[in-house]
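Scroll down for the structure; my scribbles are underneath it.
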Amino acid sequence: MASNRNFLWSRRALLGAGAGLVLGTALSPWPTRAADGARRLSAASGQAFLLGKDRPATQVWAYDDQVPGPVLRFPQGKPVRITFENRLEEGTTIHWHGIRLPIGMDGVPGISQPPIKPGETFVYEFTPPDAGTFWYHPHVDSLRQIGRGLSGALIIEEQEPPVVDRDLLWMLADWRMTDDGQIAAGFGNPMEAMMSGRIGNTVTLNGRVSAGEPVRAGERIRLRLVNGALARIMALRFEGHRPMIVAIDGQPCDPHEPKDGRLLLGPAMRMDVIIDMQGEPGRRYRVTDDFYDELAYALTELAYDTEQPMRTHPLDAPHPLPPNPLPEPDLAAAERHELVLQGGMMGGGAMAGLGGMAGGGMMGGGNGMSMAGMGSAGWAINGSAMTGDGQAGMPPLLTLKLGRSYLFTLRNQTAWWHPMHLHGHSFRVLSRNGTPVPHREWGDTVLVSPREAVEIAFVADNPGDWMLHCHVIDHQMAGLMTILRIA
Ligand code: C2O
Ligand code: CU
Ligand code: CU
């Protein structure tokens with residue numbers, strides 16, 4: 001099904017498993033938690049043992065000297081105050097991906113704030129309205145900054161969380177490692193930007209290549225999955241287990257099993273699943289990612305301890321999570337717009353003519369749509385392209401009326417997959433190629449397959465200039481990005 005398999009690097013590094021620890025080069029002078037809802041955070045260069053302790057340390061950029069950054073947990077509906085210090089050698093910001101917050105706190109350079117200069121501090125303050133699994137990452141020099149290790153999970157806790165034995169987080173990341181265990185240079189390769197983006201050769205789980213994650217027979221786990229990769233799409237299969245999806249992009253849904261048993265996660269997407277550990281004590285069960293044909297690999301294994309099951313009877317099916325206070329779009333009254341995704345290399349399926357296409361620069365514009373606004377960009381939305389990370393003075397593609405409902409068709413005319421992300425809002429995903437989605441679902445990032453048309457709807461209830469972009473970061477930087485003004 002995947003179209004870019006020949007572009008992937010070898011799976012060699014994926015197989016070298018080992019437990020890893022993360023060490024920082026410097027200790028933070030600050031306590032990490034000052035009081036409830038208030039904390040400090042920093043970004044600096046450091047090192048991490050992504051491949052295991054017996055392998056060389058990798059030079060990284062890290063939040064609080066950890067890769068991934070610390071898991072930030074805050075209660076729903078309570079003010080959060082994060083004093084962030086930039087100890088990198090370049091400007092940065094933090095974007096709180098998926099949190100509905102005021103535009104000034106959204107971390108988009110030139111729109112929310114100027115980049116925070118080296119040595120400077122910025123205070124992020126917001127009150128998260130929704131409980132769920134979110135994440136944070138920079139929005140400046142995003143390929144390099146995220147690709148060198150700057151990202152972390154952000155968990156907003158329900159007042160009444162579901163009853164489970166353990167609440168686990170798997171923050172997944174994808175790295176392109178050199179043979180000596182360093183992060184390969186070459187971010188922003190223009191050829192990659194026209195295809196799948198920078199897909200790596202090493203996938204880590206909570207900052208290390210994982211050989212196994214300990215579990216106990218009979219326990220019920222809430223597992224929060226975050227795809228923090230720059231470009232890699234993942235489709236996870238839990239051998240011998242039946243995960244139930246209870247939330248997508250932090251937003252609760254009716255508990256259901258995934259289609260074909262695969263949890264499909266584009267970059268930036270999250271899923272909360274409830275898994276009952278029904279395997280046998282002492283056994284191991286593989287968790288595989290088989291999104292890219294012929295490049296399936298074992299992400300990890302569920303490693304059962306030898307203890308007897310902690311319960312003898314299976315539990316009842318999980319209840320839905322408590323709902324978040326999302327504004328329900330009025331579909332009958334919604335104003336409709338079509339957003340056409342354009343560009344990239346044609347014929348992503350086979351990739352056989354890679355060399356030839358590289359010279360020719362053949363673009364997937366589609367149906368004679370004007371590509372005049374694209375300039376040197378490789379991708380566009382409705383013929384216009386915004387490149388980079390966000391800049392001052394970007395004109396909005398559309399101006400939406402505050403409080404009104406909108407229904408967008410995201411029409412992918414390209415040969416590539418795009419996880420399309422809207423800032424500042426969550427939207428309902430209504431249909432794919434005209435077929436209603438089987439379960440009512442909300443998201444902030446929707447994965448659109450090649451040639452697919454996806455309908456989404458939302459209430460434009462948050463004033464500001466909000467980015468809508470592909471979360472394959474190479475695609476974003478090369479033009480698959482626009483701004484919606486809500487006023
Ligand atoms: Cu997760 Cu504009 O980003
Ligand atoms: Cu975002
Ligand atoms: Cu894309």
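The way I read the labels, and the way they are meant: chains A, B, ... in the order of the structure tokens, residue 1 as the first residue of every chain, and ligand 1 as the first ligand shown, with later ones counted on from there.
Within 8 Å of region 299-303 of chain A there are Val203, Thr204, Leu205, Ser210, Ala211, Gly212, Glu213, Pro214, Val215, Gly282, Arg283, Arg284, Tyr285, Arg286, Val287, Thr288, Asp289, Tyr297 and Asp305 of chain A, counting only C-alpha atoms and ignoring same-chain residues fewer than 2 positions away.
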Can you tell me which residues surround Pro128 (chain A) at a distance of at most 9 Å, considering only C-alpha atoms, apart from same-chain residues fewer than 6 positions away, and format the answer as a PyMOL selection string? chain A and resi 74-80+99-101+156
Go through chain A and flag each residue having an atom no more than 6 Å from ligand 3; for those, report the closest pair of atoms plus their distance in Å to one decimal, using only C-alpha atoms and all ligand atoms, ordered by chain and rising number, as a Markdown table.
| residue | atom | partner | partner_atom_place_in_ligand_line | distance |
| --- | --- | --- | --- | --- |
| A:Trp417 | CA | ligand 3 | 1 (Cu) | 5.8 |
| A:His418 | CA | ligand 3 | 1 (Cu) | 3.6 |
| A:Cys470 | CA | ligand 3 | 1 (Cu) | 4.6 |
| A:Val472 | CA | ligand 3 | 1 (Cu) | 4.9 |
| A:His475 | CA | ligand 3 | 1 (Cu) | 4.8 |
Could you please take those selected residues and save all heavy atoms as a CSV table (one decimal), in the first residue's frame?
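Dumped to again_30.csv:
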chain,number,residue,atom,x,y,z
A,417,TRP,N,1.3,10.6,0.7
A,417,TRP,CA,0.4,10.8,1.8
A,417,TRP,C,0.7,12.1,2.6
A,417,TRP,O,1.9,12.5,2.7
A,417,TRP,CB,0.7,9.6,2.8
A,417,TRP,CG,0.3,8.3,2.3
A,417,TRP,CD1,1.0,7.5,1.4
A,417,TRP,CD2,-0.7,7.4,2.8
A,417,TRP,NE1,0.3,6.3,1.2
A,417,TRP,CE2,-0.7,6.2,2.1
A,417,TRP,CE3,-1.7,7.6,3.8
A,417,TRP,CZ2,-1.6,5.2,2.4
A,417,TRP,CZ3,-2.6,6.6,4.1
A,417,TRP,CH2,-2.5,5.4,3.3
A,418,HIS,N,-0.3,12.7,3.1
A,418,HIS,CA,-0.1,13.9,3.8
A,418,HIS,C,-0.9,13.9,5.1
A,418,HIS,O,-2.2,13.9,5.1
A,418,HIS,CB,-0.6,15.1,3.0
A,418,HIS,CG,0.1,15.2,1.7
A,418,HIS,ND1,1.5,15.4,1.6
A,418,HIS,CD2,-0.3,15.0,0.4
A,418,HIS,CE1,1.8,15.4,0.3
A,418,HIS,NE2,0.8,15.2,-0.4
A,470,CYS,N,0.9,20.3,6.2
A,470,CYS,CA,1.3,18.9,6.2
A,470,CYS,C,2.3,18.7,7.3
A,470,CYS,O,3.2,19.6,7.5
A,470,CYS,CB,1.8,18.4,4.9
A,470,CYS,SG,2.3,16.7,5.0
A,472,VAL,N,4.4,16.2,7.5
A,472,VAL,CA,5.6,15.7,7.0
A,472,VAL,C,6.5,17.0,6.8
A,472,VAL,O,6.1,17.8,6.0
A,472,VAL,CB,5.5,15.0,5.6
A,472,VAL,CG1,6.9,14.7,5.0
A,472,VAL,CG2,4.7,13.7,5.8
A,475,HIS,N,7.5,18.5,3.7
A,475,HIS,CA,6.4,19.0,2.8
A,475,HIS,C,6.0,20.4,3.3
A,475,HIS,O,5.8,21.3,2.5
A,475,HIS,CB,5.2,18.0,2.8
A,475,HIS,CG,5.5,16.7,2.2
A,475,HIS,ND1,4.5,15.7,2.2
A,475,HIS,CD2,6.6,16.2,1.6
A,475,HIS,CE1,5.0,14.6,1.6
A,475,HIS,NE2,6.3,14.9,1.2
Which residues are near ligand 2 in this structure, taking near to mean any atom at most 8 Å from a ligand atom and counting only C-alpha atoms and all ligand atoms? Format them as an mmCIF file with N, CA, C and O atoms, in the first residue's frame.
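Output file out00.cif is given in full below:
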data_model
loop_
_atom_site.group_PDB
_atom_site.id
_atom_site.type_symbol
_atom_site.label_atom_id
_atom_site.label_comp_id
_atom_site.auth_asym_id
_atom_site.auth_seq_id
_atom_site.Cartn_x
_atom_site.Cartn_y
_atom_site.Cartn_z
ATOM 1 N N HIS A 95 5.604 24.905 20.081
ATOM 2 C CA HIS A 95 4.220 24.761 19.655
ATOM 3 C C HIS A 95 3.604 23.623 20.462
ATOM 4 O O HIS A 95 4.176 22.547 20.564
ATOM 5 N N TRP A 96 2.430 23.876 21.024
ATOM 6 C CA TRP A 96 1.739 22.898 21.883
ATOM 7 C C TRP A 96 0.715 22.204 20.994
ATOM 8 O O TRP A 96 -0.450 22.609 20.930
ATOM 9 N N HIS A 97 1.167 21.190 20.311
ATOM 10 C CA HIS A 97 0.401 20.599 19.216
ATOM 11 C C HIS A 97 -0.916 19.991 19.707
ATOM 12 O O HIS A 97 -0.920 19.069 20.517
ATOM 13 N N GLY A 98 -2.016 20.526 19.166
ATOM 14 C CA GLY A 98 -3.340 19.978 19.462
ATOM 15 C C GLY A 98 -4.082 20.711 20.561
ATOM 16 O O GLY A 98 -5.284 20.506 20.737
ATOM 17 N N ILE A 99 -3.366 21.544 21.317
ATOM 18 C CA ILE A 99 -4.026 22.280 22.405
ATOM 19 C C ILE A 99 -4.756 23.482 21.807
ATOM 20 O O ILE A 99 -4.191 24.238 21.028
ATOM 21 N N ASP A 106 0.811 30.013 20.544
ATOM 22 C CA ASP A 106 0.835 28.877 19.618
ATOM 23 C C ASP A 106 2.246 28.569 19.092
ATOM 24 O O ASP A 106 2.447 27.562 18.426
ATOM 25 N N HIS A 421 -2.561 19.064 9.251
ATOM 26 C CA HIS A 421 -2.754 19.530 10.630
ATOM 27 C C HIS A 421 -3.254 20.973 10.666
ATOM 28 O O HIS A 421 -2.711 21.827 9.987
ATOM 29 N N LEU A 422 -4.278 21.206 11.466
ATOM 30 C CA LEU A 422 -4.789 22.554 11.692
ATOM 31 C C LEU A 422 -4.450 22.983 13.118
ATOM 32 O O LEU A 422 -4.702 22.242 14.066
ATOM 33 N N HIS A 423 -3.899 24.172 13.248
ATOM 34 C CA HIS A 423 -3.578 24.706 14.572
ATOM 35 C C HIS A 423 -4.827 25.283 15.254
ATOM 36 O O HIS A 423 -5.750 25.772 14.588
ATOM 37 N N GLY A 424 -4.820 25.249 16.563
ATOM 38 C CA GLY A 424 -5.800 26.006 17.350
ATOM 39 C C GLY A 424 -7.201 25.422 17.421
ATOM 40 O O GLY A 424 -8.069 26.003 18.078
ATOM 41 N N ASP A 444 -6.811 16.676 15.139
ATOM 42 C CA ASP A 444 -6.174 17.915 14.710
ATOM 43 C C ASP A 444 -5.247 17.654 13.540
ATOM 44 O O ASP A 444 -4.681 18.577 12.963
ATOM 45 N N MET A 467 -2.230 28.166 11.267
ATOM 46 C CA MET A 467 -1.599 27.388 10.224
ATOM 47 C C MET A 467 -2.383 26.126 9.938
ATOM 48 O O MET A 467 -2.940 25.491 10.835
#
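Pairwise distance (CA of Arg262 (chain A), CA of Asp290 (chain A)) equals 8.7 Å.
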Ligand 1 proximity check over A:Val140, A:Val71, A:Ala296, A:Ile381, using only C-alpha atoms and all ligand atoms: winner is A:Val140
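The residue that comes closest to ligand 1, out of A:Val226, A:Leu326, A:Leu169, A:Ala193 and on the basis of only C-alpha atoms and all ligand atoms, is A:Val226.
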List the spatial neighbours of Ala44 (chain A) as a compact mmCIF listing (two decimals) with N, CA and C atoms, in the first residue's frame - criterion: any atom at most 8 Å away, only C-alpha atoms, same-chain residues fewer than 4 positions off excluded.
# COMPACT_ATOMS: atom_id res chain seq x y z
N TRP A 61 19.75 17.61 20.34
CA TRP A 61 19.21 18.82 20.97
C TRP A 61 18.05 18.33 21.82
N ALA A 62 17.94 18.81 23.04
CA ALA A 62 17.00 18.18 23.96
C ALA A 62 16.32 19.18 24.87
N TYR A 63 15.09 18.87 25.23
CA TYR A 63 14.39 19.61 26.27
C TYR A 63 14.79 19.01 27.62
N ASP A 64 15.22 19.86 28.52
CA ASP A 64 15.63 19.43 29.87
C ASP A 64 16.58 18.23 29.80
N ASP A 65 17.47 18.25 28.83
CA ASP A 65 18.50 17.21 28.70
C ASP A 65 17.94 15.81 28.56
N ASN A 86 15.72 29.29 26.16
CA ASN A 86 16.40 28.78 24.97
C ASN A 86 17.91 28.80 25.19
N ARG A 87 18.48 27.62 25.40
CA ARG A 87 19.93 27.52 25.53
C ARG A 87 20.55 26.89 24.28
N LEU A 88 19.78 26.91 23.18
CA LEU A 88 20.35 26.50 21.89
C LEU A 88 21.16 27.65 21.31
Could you pull the residues within 12 Å of Glu441 (chain A), counting only C-alpha atoms, minus those fewer than 2 positions along the same chain, as an MDAnalysis selection string? chainID A and resid 245:256 271 323 326 328 426:431 436:439 443:446 455:458
Next, dump the selected residues to file, keeping only N, CA and C atoms, as a compact mmCIF listing (two decimals), in the first residue's frame.
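Saved the output as result.txt:
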# COMPACT_ATOMS: atom_id res chain seq x y z
N ILE A 245 -9.31 1.43 20.34
CA ILE A 245 -9.02 2.86 20.25
C ILE A 245 -10.06 3.62 21.07
N VAL A 246 -9.60 4.43 22.01
CA VAL A 246 -10.54 5.23 22.81
C VAL A 246 -10.38 6.73 22.56
N ALA A 247 -9.28 7.14 21.94
CA ALA A 247 -9.12 8.56 21.61
C ALA A 247 -8.19 8.68 20.41
N ILE A 248 -8.47 9.68 19.58
CA ILE A 248 -7.63 9.99 18.42
C ILE A 248 -7.23 11.46 18.55
N ASP A 249 -5.96 11.72 18.43
CA ASP A 249 -5.44 13.09 18.61
C ASP A 249 -5.95 13.71 19.91
N GLY A 250 -6.00 12.92 20.93
CA GLY A 250 -6.43 13.40 22.24
C GLY A 250 -7.92 13.41 22.45
N GLN A 251 -8.70 13.35 21.37
CA GLN A 251 -10.15 13.51 21.50
C GLN A 251 -10.84 12.14 21.58
N PRO A 252 -11.67 11.96 22.62
CA PRO A 252 -12.33 10.67 22.80
C PRO A 252 -13.19 10.27 21.61
N CYS A 253 -13.25 8.97 21.37
CA CYS A 253 -14.14 8.42 20.34
C CYS A 253 -14.82 7.20 20.95
N ASP A 254 -15.83 6.68 20.26
CA ASP A 254 -16.42 5.44 20.75
C ASP A 254 -15.36 4.35 20.68
N PRO A 255 -15.17 3.61 21.77
CA PRO A 255 -14.14 2.57 21.75
C PRO A 255 -14.37 1.60 20.59
N HIS A 256 -13.35 1.39 19.78
CA HIS A 256 -13.49 0.46 18.66
C HIS A 256 -12.14 -0.13 18.29
N MET A 271 -2.83 8.35 19.36
CA MET A 271 -3.94 7.44 19.61
C MET A 271 -3.82 6.94 21.03
N PRO A 323 -16.26 13.11 27.62
CA PRO A 323 -16.14 13.98 26.45
C PRO A 323 -15.43 15.29 26.77
N LEU A 326 -15.91 20.28 23.09
CA LEU A 326 -15.67 20.71 21.71
C LEU A 326 -16.93 21.33 21.11
N GLU A 328 -19.61 21.72 18.48
CA GLU A 328 -20.11 20.84 17.43
C GLU A 328 -20.43 21.66 16.17
N SER A 426 -9.79 21.56 16.96
CA SER A 426 -9.95 20.16 16.57
C SER A 426 -11.14 20.11 15.62
N PHE A 427 -11.07 19.24 14.66
CA PHE A 427 -12.13 19.15 13.66
C PHE A 427 -12.72 17.75 13.67
N ARG A 428 -13.95 17.66 13.22
CA ARG A 428 -14.53 16.33 12.99
C ARG A 428 -14.06 15.83 11.64
N VAL A 429 -13.74 14.56 11.57
CA VAL A 429 -13.46 13.94 10.28
C VAL A 429 -14.77 13.29 9.86
N LEU A 430 -15.30 13.73 8.70
CA LEU A 430 -16.64 13.28 8.31
C LEU A 430 -16.61 12.11 7.35
N SER A 431 -15.81 12.23 6.30
CA SER A 431 -15.88 11.19 5.26
C SER A 431 -14.54 11.08 4.53
N PRO A 436 -18.90 8.04 4.65
CA PRO A 436 -18.76 8.50 6.02
C PRO A 436 -17.79 7.62 6.81
N VAL A 437 -17.01 8.22 7.69
CA VAL A 437 -16.10 7.41 8.50
C VAL A 437 -16.94 6.55 9.44
N PRO A 438 -16.49 5.32 9.72
CA PRO A 438 -17.34 4.38 10.47
C PRO A 438 -17.58 4.76 11.92
N HIS A 439 -16.66 5.52 12.51
CA HIS A 439 -16.84 5.93 13.90
C HIS A 439 -16.70 7.44 13.95
N GLY A 443 -10.12 15.16 15.30
CA GLY A 443 -8.66 15.14 15.23
C GLY A 443 -8.14 16.54 15.02
N ASP A 444 -6.81 16.68 15.14
CA ASP A 444 -6.17 17.92 14.71
C ASP A 444 -5.25 17.65 13.54
N THR A 445 -5.06 16.38 13.20
CA THR A 445 -4.18 15.97 12.11
C THR A 445 -4.88 14.81 11.41
N VAL A 446 -5.14 14.96 10.13
CA VAL A 446 -5.84 13.88 9.43
C VAL A 446 -4.95 13.38 8.29
N GLU A 455 -13.34 14.88 4.02
CA GLU A 455 -14.13 16.02 4.51
C GLU A 455 -13.94 16.18 6.01
N ILE A 456 -13.68 17.42 6.41
CA ILE A 456 -13.58 17.74 7.83
C ILE A 456 -14.50 18.93 8.11
N ALA A 457 -14.90 19.08 9.37
CA ALA A 457 -15.76 20.21 9.73
C ALA A 457 -15.41 20.69 11.13
N PHE A 458 -15.52 21.98 11.33
CA PHE A 458 -15.20 22.55 12.63
C PHE A 458 -15.86 23.91 12.76
Report, in Å to a single decimal, how far apart CA of Leu168 (chain A) and CA of Arg216 (chain A) are. 13.2 Å
Among A:Ile199, A:Ala57, A:Asp330, A:Asp272, Ile155 (chain A) is approached most closely, using only C-alpha atoms, by A:Asp272
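Shortest separation to ligand 1 among A:Arg311, A:Arg432, A:His469, A:Arg242 occurs at residue A:His469, atoms counted being only C-alpha atoms and all ligand atoms.
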Give me the residues within 12 Å of Ala43 (chain A) as an mmCIF file with C-alpha atoms, in the first residue's frame, counting only C-alpha atoms and dropping any in the same chain fewer than 6 places off.
data_model
loop_
_atom_site.group_PDB
_atom_site.id
_atom_site.type_symbol
_atom_site.label_atom_id
_atom_site.label_comp_id
_atom_site.auth_asym_id
_atom_site.auth_seq_id
_atom_site.Cartn_x
_atom_site.Cartn_y
_atom_site.Cartn_z
ATOM 1 C CA GLY A 24 22.495 15.153 29.615
ATOM 2 C CA ALA A 26 24.710 19.625 31.792
ATOM 3 C CA LEU A 27 22.415 19.594 34.744
ATOM 4 C CA SER A 28 19.607 22.054 34.686
ATOM 5 C CA VAL A 60 21.176 15.688 20.185
ATOM 6 C CA TRP A 61 19.213 18.819 20.974
ATOM 7 C CA ALA A 62 17.005 18.176 23.964
ATOM 8 C CA TYR A 63 14.387 19.610 26.271
ATOM 9 C CA ASP A 64 15.625 19.425 29.868
ATOM 10 C CA ASP A 65 18.502 17.209 28.704
ATOM 11 C CA GLN A 66 16.128 14.364 27.837
ATOM 12 C CA VAL A 67 15.160 12.725 24.553
ATOM 13 C CA PRO A 68 12.233 12.809 24.216
ATOM 14 C CA GLY A 69 11.631 15.842 26.407
ATOM 15 C CA PRO A 70 9.990 15.388 29.803
ATOM 16 C CA THR A 83 8.901 29.361 31.665
ATOM 17 C CA PHE A 84 11.020 28.297 28.760
ATOM 18 C CA GLU A 85 14.691 29.149 28.322
ATOM 19 C CA ASN A 86 16.399 28.778 24.974
ATOM 20 C CA ARG A 87 19.930 27.519 25.530
ATOM 21 C CA LEU A 88 20.349 26.495 21.892
ATOM 22 C CA GLU A 89 22.571 28.449 19.553
ATOM 23 C CA GLU A 90 19.651 29.481 17.357
ATOM 24 C CA GLY A 91 16.144 30.869 17.771
ATOM 25 C CA THR A 92 13.265 28.567 18.652
ATOM 26 C CA THR A 93 9.659 28.478 19.855
ATOM 27 C CA ILE A 94 7.429 25.802 21.344
ATOM 28 C CA ILE A 116 13.024 33.209 21.165
ATOM 29 C CA LYS A 117 16.687 34.135 20.789
ATOM 30 C CA PRO A 118 19.526 32.140 22.304
ATOM 31 C CA GLY A 119 19.761 32.903 26.003
ATOM 32 C CA GLU A 120 16.258 34.360 26.132
ATOM 33 C CA THR A 121 13.257 33.198 28.108
ATOM 34 C CA PHE A 122 9.593 33.154 27.166
ATOM 35 C CA HIS A 137 7.810 20.646 19.544
ATOM 36 C CA PRO A 138 9.562 23.697 18.039
ATOM 37 C CA GLN A 145 15.126 21.012 15.630
ATOM 38 C CA ILE A 146 12.585 18.199 15.773
ATOM 39 C CA ARG A 148 17.707 16.389 16.410
ATOM 40 C CA GLY A 149 15.503 15.509 19.348
ATOM 41 C CA LEU A 150 13.309 18.430 20.388
ATOM 42 C CA SER A 151 9.868 17.011 21.117
ATOM 43 C CA GLY A 152 7.962 15.658 24.062
#
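Take the candidates A:Asp389, A:Asp36, A:Asp165, A:Glu338 and check each one against ligand 1 using only C-alpha atoms and all ligand atoms; the shortest distance goes to A:Asp389.
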